[in-house]
>>> print(open('protein07.pdb').read())   # PDB, C-alpha atoms
MODEL        1
ATOM      1  CA  MET A   1       0.000   0.000   0.000
ATOM      2  CA  GLY A   2       1.449   3.391  -1.014
ATOM      3  CA  VAL A   3       1.613   6.529   1.074
ATOM      4  CA  LEU A   4      -1.391   8.836   1.204
ATOM      5  CA  LEU A   5      -1.432  11.343  -1.625
ATOM      6  CA  SER A   6      -1.319  14.198   0.877
ATOM      7  CA  GLU A   7       1.924  12.695   2.170
ATOM      8  CA  ILE A   8       3.811  12.164  -1.080
ATOM      9  CA  PRO A   9       7.479  12.159  -0.046
ATOM     10  CA  TYR A  10       9.817  14.896  -1.186
ATOM     11  CA  THR A  11      12.953  16.680  -0.102
ATOM     12  CA  PRO A  12      13.741  20.409  -0.307
ATOM     13  CA  LEU A  13      17.128  19.279  -1.653
ATOM     14  CA  PRO A  14      16.295  16.996  -4.604
ATOM     15  CA  GLY A  15      19.685  17.694  -6.156
ATOM     16  CA  LYS A  16      21.337  15.859  -3.240
ATOM     17  CA  ILE A  17      19.460  12.592  -3.699
ATOM     18  CA  LYS A  18      22.319  10.888  -5.533
ATOM     19  CA  THR A  19      24.725  12.047  -2.813
ATOM     20  CA  TYR A  20      22.465  10.581  -0.129
ATOM     21  CA  PHE A  21      22.222   7.160  -1.748
ATOM     22  CA  ASP A  22      25.922   7.036  -2.616
ATOM     23  CA  LYS A  23      26.744   7.677   1.037
ATOM     24  CA  PHE A  24      24.186   5.149   2.274
ATOM     25  CA  GLN A  25      25.662   2.461   0.051
ATOM     26  CA  ASP A  26      29.229   3.121   1.225
ATOM     27  CA  ALA A  27      28.387   3.431   4.922
ATOM     28  CA  GLY A  28      27.889   0.573   7.341
ATOM     29  CA  LYS A  29      24.420  -0.545   8.373
ATOM     30  CA  PRO A  30      23.130   1.778  11.123
ATOM     31  CA  ASP A  31      20.976   0.665  14.025
ATOM     32  CA  LYS A  32      18.630   3.474  13.052
ATOM     33  CA  VAL A  33      18.594   6.093  10.330
ATOM     34  CA  ASN A  34      18.260   9.150  12.577
ATOM     35  CA  ARG A  35      19.668  12.661  12.816
ATOM     36  CA  LYS A  36      22.758  11.495  14.679
ATOM     37  CA  TRP A  37      23.627   8.978  12.006
ATOM     38  CA  LEU A  38      22.936  11.435   9.184
ATOM     39  CA  ASN A  39      25.155  13.978  10.942
ATOM     40  CA  SER A  40      27.954  11.407  11.068
ATOM     41  CA  LEU A  41      27.763  11.190   7.264
ATOM     42  CA  GLY A  42      28.010  14.960   6.921
ATOM     43  CA  PHE A  43      24.298  15.647   6.448
ATOM     44  CA  LYS A  44      23.820  18.267   9.129
ATOM     45  CA  SER A  45      21.146  20.498   7.632
ATOM     46  CA  SER A  46      17.621  20.255   9.020
ATOM     47  CA  ASN A  47      16.474  19.759   5.423
ATOM     48  CA  ASP A  48      18.592  16.613   5.159
ATOM     49  CA  TYR A  49      16.221  14.804   7.504
ATOM     50  CA  TYR A  50      13.506  14.837   4.824
ATOM     51  CA  ILE A  51      15.317  11.911   3.224
ATOM     52  CA  VAL A  52      14.131   9.679   6.073
ATOM     53  CA  LYS A  53      10.490  10.082   4.999
ATOM     54  CA  ILE A  54      11.514   9.111   1.496
ATOM     55  CA  LEU A  55      13.330   6.024   2.787
ATOM     56  CA  LYS A  56      10.245   5.007   4.786
ATOM     57  CA  ALA A  57       7.992   5.389   1.766
ATOM     58  CA  MET A  58      10.459   3.304  -0.267
ATOM     59  CA  LYS A  59      10.505   0.654   2.509
ATOM     60  CA  PHE A  60      14.232   1.014   3.043
ATOM     61  CA  VAL A  61      13.543   1.646   6.736
ATOM     62  CA  ASP A  62      10.591   0.663   8.908
ATOM     63  CA  ASP A  63       8.364   2.879  11.046
ATOM     64  CA  SER A  64      11.069   2.911  13.745
ATOM     65  CA  ASN A  65      13.747   4.033  11.246
ATOM     66  CA  VAL A  66      15.443   0.627  11.373
ATOM     67  CA  PRO A  67      16.932  -0.516   8.033
ATOM     68  CA  THR A  68      14.916  -3.261   6.343
ATOM     69  CA  GLU A  69      15.918  -6.227   4.197
ATOM     70  CA  ARG A  70      15.545  -3.967   1.150
ATOM     71  CA  TRP A  71      18.198  -1.639   2.581
ATOM     72  CA  LEU A  72      20.596  -4.585   2.873
ATOM     73  CA  ARG A  73      19.912  -5.736  -0.677
ATOM     74  CA  PHE A  74      20.488  -2.206  -1.944
ATOM     75  CA  LYS A  75      24.055  -2.440  -0.611
ATOM     76  CA  ALA A  76      25.020  -4.705  -3.530
ATOM     77  CA  PRO A  77      26.106  -2.216  -6.244
ATOM     78  CA  ASN A  78      25.035  -4.448  -9.138
ATOM     79  CA  LYS A  79      21.497  -4.744  -7.735
ATOM     80  CA  ALA A  80      21.073  -1.256  -6.276
ATOM     81  CA  PRO A  81      19.382   0.401  -9.308
ATOM     82  CA  ALA A  82      16.720  -2.328  -9.529
ATOM     83  CA  ILE A  83      16.175  -2.248  -5.753
ATOM     84  CA  ILE A  84      15.740   1.530  -5.883
ATOM     85  CA  ALA A  85      13.182   1.059  -8.659
ATOM     86  CA  GLN A  86      11.203  -1.307  -6.420
ATOM     87  CA  GLY A  87      11.291   1.295  -3.664
ATOM     88  CA  ILE A  88      10.107   4.037  -5.993
ATOM     89  CA  LYS A  89       7.167   1.928  -7.124
ATOM     90  CA  ASP A  90       6.151   1.412  -3.487
ATOM     91  CA  ALA A  91       6.586   5.075  -2.551
ATOM     92  CA  TYR A  92       4.620   6.304  -5.581
ATOM     93  CA  SER A  93       2.264   3.367  -6.040
ATOM     94  CA  ASP A  94      -0.718   5.556  -6.922
ATOM     95  CA  LEU A  95       1.275   7.367  -9.588
ATOM     96  CA  PHE A  96       2.269   4.038 -11.155
ATOM     97  CA  LYS A  97      -1.351   2.931 -11.126
ATOM     98  CA  THR A  98      -2.119   5.961 -13.281
ATOM     99  CA  TYR A  99       1.024   5.773 -15.421
ATOM    100  CA  GLN A 100       2.660   2.364 -15.668
ATOM    101  CA  ASP A 101       5.687   4.076 -17.201
ATOM    102  CA  ALA A 102       5.681   7.004 -14.780
ATOM    103  CA  TYR A 103       9.478   7.103 -14.767
ATOM    104  CA  ARG A 104       9.348   8.071 -18.460
ATOM    105  CA  LYS A 105       6.923  10.977 -17.983
ATOM    106  CA  ASP A 106       8.179  14.520 -18.431
ATOM    107  CA  ARG A 107       8.117  17.140 -15.698
ATOM    108  CA  GLU A 108       4.994  18.784 -17.087
ATOM    109  CA  ALA A 109       2.955  15.578 -16.843
ATOM    110  CA  LEU A 110       4.329  14.832 -13.368
ATOM    111  CA  TYR A 111       3.579  18.361 -12.191
ATOM    112  CA  ALA A 112      -0.012  18.102 -13.433
ATOM    113  CA  TYR A 113      -0.470  14.791 -11.596
ATOM    114  CA  PHE A 114       1.040  15.845  -8.256
ATOM    115  CA  SER A 115      -0.724  19.200  -8.327
ATOM    116  CA  ALA A 116      -4.131  17.658  -9.010
ATOM    117  CA  LYS A 117      -3.700  14.902  -6.419
ATOM    118  CA  THR A 118      -2.279  16.982  -3.572
ATOM    119  CA  GLY A 119      -3.449  20.570  -4.053
ATOM    120  CA  LYS A 120      -0.095  21.766  -2.693
ATOM    121  CA  SER A 121       1.621  25.041  -3.581
ATOM    122  CA  LYS A 122       3.650  25.361  -6.771
ATOM    123  CA  ARG A 123       6.922  25.306  -4.833
ATOM    124  CA  THR A 124       6.006  22.106  -2.999
ATOM    125  CA  VAL A 125       4.806  20.382  -6.166
ATOM    126  CA  ASP A 126       8.030  21.397  -7.914
ATOM    127  CA  LEU A 127       9.955  19.694  -5.093
ATOM    128  CA  MET A 128       7.812  16.560  -5.434
ATOM    129  CA  VAL A 129       8.564  16.439  -9.142
ATOM    130  CA  GLY A 130      12.267  17.093  -8.574
ATOM    131  CA  THR A 131      12.443  14.389  -5.931
ATOM    132  CA  PHE A 132      10.759  11.801  -8.138
ATOM    133  CA  VAL A 133      12.848  12.665 -11.199
ATOM    134  CA  ASN A 134      16.139  12.499  -9.281
ATOM    135  CA  LEU A 135      15.203   9.180  -7.685
ATOM    136  CA  CYS A 136      14.380   7.742 -11.100
ATOM    137  CA  LYS A 137      17.826   8.760 -12.384
ATOM    138  CA  LEU A 138      19.287   6.205  -9.944
ATOM    139  CA  ALA A 139      16.833   3.430 -10.784
ATOM    140  CA  ASP A 140      16.646   0.541 -13.227
ATOM    141  CA  PHE A 141      13.013  -0.220 -14.013
ATOM    142  CA  GLU A 142      13.811  -2.736 -16.755
ATOM    143  CA  THR A 143      15.570  -5.378 -14.645
ATOM    144  CA  GLU A 144      13.345  -7.656 -12.603
ATOM    145  CA  ILE A 145      14.758  -8.629  -9.206
ATOM    146  CA  THR A 146      13.323 -11.675  -7.441
ATOM    147  CA  GLU A 147      13.802 -11.566  -3.719
ATOM    148  CA  ALA A 148      15.786 -14.588  -2.577
ATOM    149  CA  PRO A 149      14.478 -16.277   0.576
ATOM    150  CA  ARG A 150      16.433 -15.522   3.699
ATOM    151  CA  LEU A 151      18.616 -18.261   5.156
ATOM    152  CA  GLU A 152      16.201 -18.783   8.028
ATOM    153  CA  GLN A 153      13.360 -19.206   5.524
ATOM    154  CA  VAL A 154      15.276 -21.892   3.680
ATOM    155  CA  GLU A 155      16.124 -23.650   6.943
ATOM    156  CA  ALA A 156      12.499 -23.508   8.064
ATOM    157  CA  ALA A 157      11.365 -24.901   4.745
ATOM    158  CA  LYS A 158      13.524 -28.005   4.937
ATOM    159  CA  PRO A 159      11.393 -31.149   5.050
ATOM    160  CA  VAL A 160      10.226 -31.924   8.554
ATOM    161  CA  SER A 161      10.446 -35.572   7.616
ATOM    162  CA  SER A 162      11.053 -37.533   4.466
ATOM    163  CA  LYS A 163      10.646 -41.107   3.343
ATOM    164  CA  MET A 164      12.378 -42.708   0.442
ATOM    165  CA  GLY A 165      11.421 -46.208  -0.622
ATOM    166  CA  VAL A 166      13.427 -48.079  -3.258
ATOM    167  CA  GLU A 167      11.859 -51.058  -4.991
ATOM    168  CA  VAL A 168      13.844 -53.203  -7.411
ATOM    169  CA  VAL A 169      11.822 -55.231  -9.891
ATOM    170  CA  SER A 170      13.791 -57.881 -11.746
ATOM    171  CA  GLU A 171      13.113 -60.859 -13.952
ATOM    172  CA  LYS A 172      15.612 -63.268 -15.428
ATOM    173  CA  GLY A 173      17.250 -61.802 -18.504
ATOM    174  CA  ILE A 174      15.656 -58.391 -17.960
ATOM    175  CA  ILE A 175      17.481 -55.333 -16.709
ATOM    176  CA  PRO A 176      16.115 -54.494 -13.251
ATOM    177  CA  GLU A 177      13.835 -51.471 -12.910
ATOM    178  CA  VAL A 178      14.285 -49.188  -9.967
ATOM    179  CA  HIS A 179      11.273 -47.336  -8.617
ATOM    180  CA  VAL A 180      12.022 -44.473  -6.259
ATOM    181  CA  ASN A 181       9.267 -43.029  -4.123
ATOM    182  CA  VAL A 182      10.071 -39.697  -2.462
ATOM    183  CA  GLN A 183       7.655 -38.156   0.043
ATOM    184  CA  LEU A 184       8.233 -34.657   1.386
ATOM    185  CA  HIS A 185       6.301 -33.086   4.226
ATOM    186  CA  LEU A 186       6.666 -29.322   3.912
ATOM    187  CA  PRO A 187       5.727 -26.601   6.385
ATOM    188  CA  ALA A 188       3.209 -23.994   5.319
ATOM    189  CA  THR A 189       4.646 -20.823   3.763
ATOM    190  CA  ASN A 190       3.339 -17.916   1.708
ATOM    191  CA  ASP A 191       6.646 -17.548  -0.135
ATOM    192  CA  PRO A 192       6.484 -19.498  -3.438
ATOM    193  CA  THR A 193      10.232 -19.080  -3.991
ATOM    194  CA  VAL A 194      10.862 -21.447  -1.072
ATOM    195  CA  TYR A 195       9.102 -24.287  -2.876
ATOM    196  CA  ASP A 196      10.768 -23.356  -6.180
ATOM    197  CA  ASN A 197      14.196 -23.653  -4.576
ATOM    198  CA  LEU A 198      13.361 -27.014  -2.987
ATOM    199  CA  PHE A 199      12.144 -28.540  -6.241
ATOM    200  CA  LYS A 200      15.169 -27.195  -8.116
ATOM    201  CA  SER A 201      17.371 -28.858  -5.504
ATOM    202  CA  LEU A 202      15.485 -32.152  -5.877
ATOM    203  CA  LYS A 203      15.897 -32.029  -9.641
ATOM    204  CA  LYS A 204      19.606 -31.347  -9.293
ATOM    205  CA  HIS A 205      20.286 -34.247  -6.922
ATOM    206  CA  LEU A 206      17.840 -36.856  -8.184
ATOM    207  CA  LEU A 207      18.126 -36.259 -11.921
ATOM    208  CA  SER A 208      21.745 -35.148 -12.149
ATOM    209  CA  GLY A 209      22.701 -38.402 -13.764
ATOM    210  CA  LYS A 210      20.402 -37.657 -16.718
ATOM    211  CA  GLU A 211      21.636 -34.142 -17.391
TER     212      GLU A 211
ENDMDL
END
>>> encode(input="protein07.pdb", output="structure tokens")
Amino acid sequence: MGVLLSEIPYTPLPGKIKTYFDKFQDAGKPDKVNRKWLNSLGFKSSNDYYIVKILKAMKFVDDSNVPTERWLRFKAPNKAPAIIAQGIKDAYSDLFKTYQDAYRKDREALYAYFSAKTGKSKRTVDLMVGTFVNLCKLADFETEITEAPRLEQVEAAKPVSSKMGVEVVSEKGIIPEVHVNVQLHLPATNDPTVYDNLFKSLKKHLLSGKE
């Protein structure tokens, strides 16, 4: 669910957005993204703190300003642009419902949208547009990133129990047939990638001799 239209995130310093994200990627993971931590990175202006609202809307930090899994995944330089794109789509979900290719829209179209949806002053709407445009400059909307299950998810999804029965059927002069019966008892999970990974593993180990 995206932020309320009256709370569309923006910063009074949209030109610094690249600087913010470059610093965040180079810095270590903070316990919380707060004023003290921002100050330690050299962001000491009161206007710098606006970036926290943007990070929340992008789901890089939670409601307590603690970095999320998305923040950690953003730290990989080769994946960062696609992760930023995911965050932008969450932060501006209503905009992307109106324009699927919102990141390709010009400033005039974006201004018309933000102005109509928020009723804010021209200066504020200009900042909204500038914020969105500068975020999109860092993003890769063409590459699809599938979230890999966390280690604990994979561990939890290991079969609780398994049974493997092997039956050899043979007749004189006939090459024996081997029937393998594999039964897996899996825990419930809402993450389909867990099951995908398990079945890929089964294919690798059980059918490796045929590949």
>>> atom_distance(input="protein07.pdb", atom1="CA of Glu69 in chain A", atom2="CA of Lys29 in chain A")
11.0 Å
>>> resolve_selection(input="protein07.pdb", expression="the PyMOL selection byres ((chain A and resi 116-120) around 10)", output="list in words")
Leu4, Leu5, Ser6, Glu7, Ile8, Asp94, Leu95, Leu110, Tyr111, Ala112, Tyr113, Phe114, Ser115, Ser121, Lys122, Arg123, Thr124, Val125, Asp126 and Met128 of chain A
>>> closest_residue(input="protein07.pdb", among="A:Lys44, A:Lys56, A:Lys89, A:Arg73", to="Leu135 in chain A", atoms="only C-alpha atoms")
A:Lys89
>>> closest_residue(input="protein07.pdb", among="A:Ser45, A:Ala57, A:Pro9, A:Lys18", to="Cys136 in chain A", atoms="only C-alpha atoms")
A:Lys18
>>> closest_residue(input="protein07.pdb", among="A:Pro14, A:Thr19, A:Gln100, A:Val66", to="Asp31 in chain A", atoms="only C-alpha atoms")
A:Val66
>>> atom_distance(input="protein07.pdb", atom1="CA of Ala85 in chain A", atom2="CA of Asp140 in chain A")
5.8 Å
>>> atom_distance(input="protein07.pdb", atom1="CA of Gly15 in chain A", atom2="CA of Gly42 in chain A")
15.7 Å
>>> resolve_selection(input="protein07.pdb", expression="the PyMOL selection byres ((chain A and resi 20) around 12)", output="VMD selection string")
chain A and resid 11 13 to 19 21 to 27 38 to 39 41 to 43 48 to 52 54 to 55 134 to 135 138
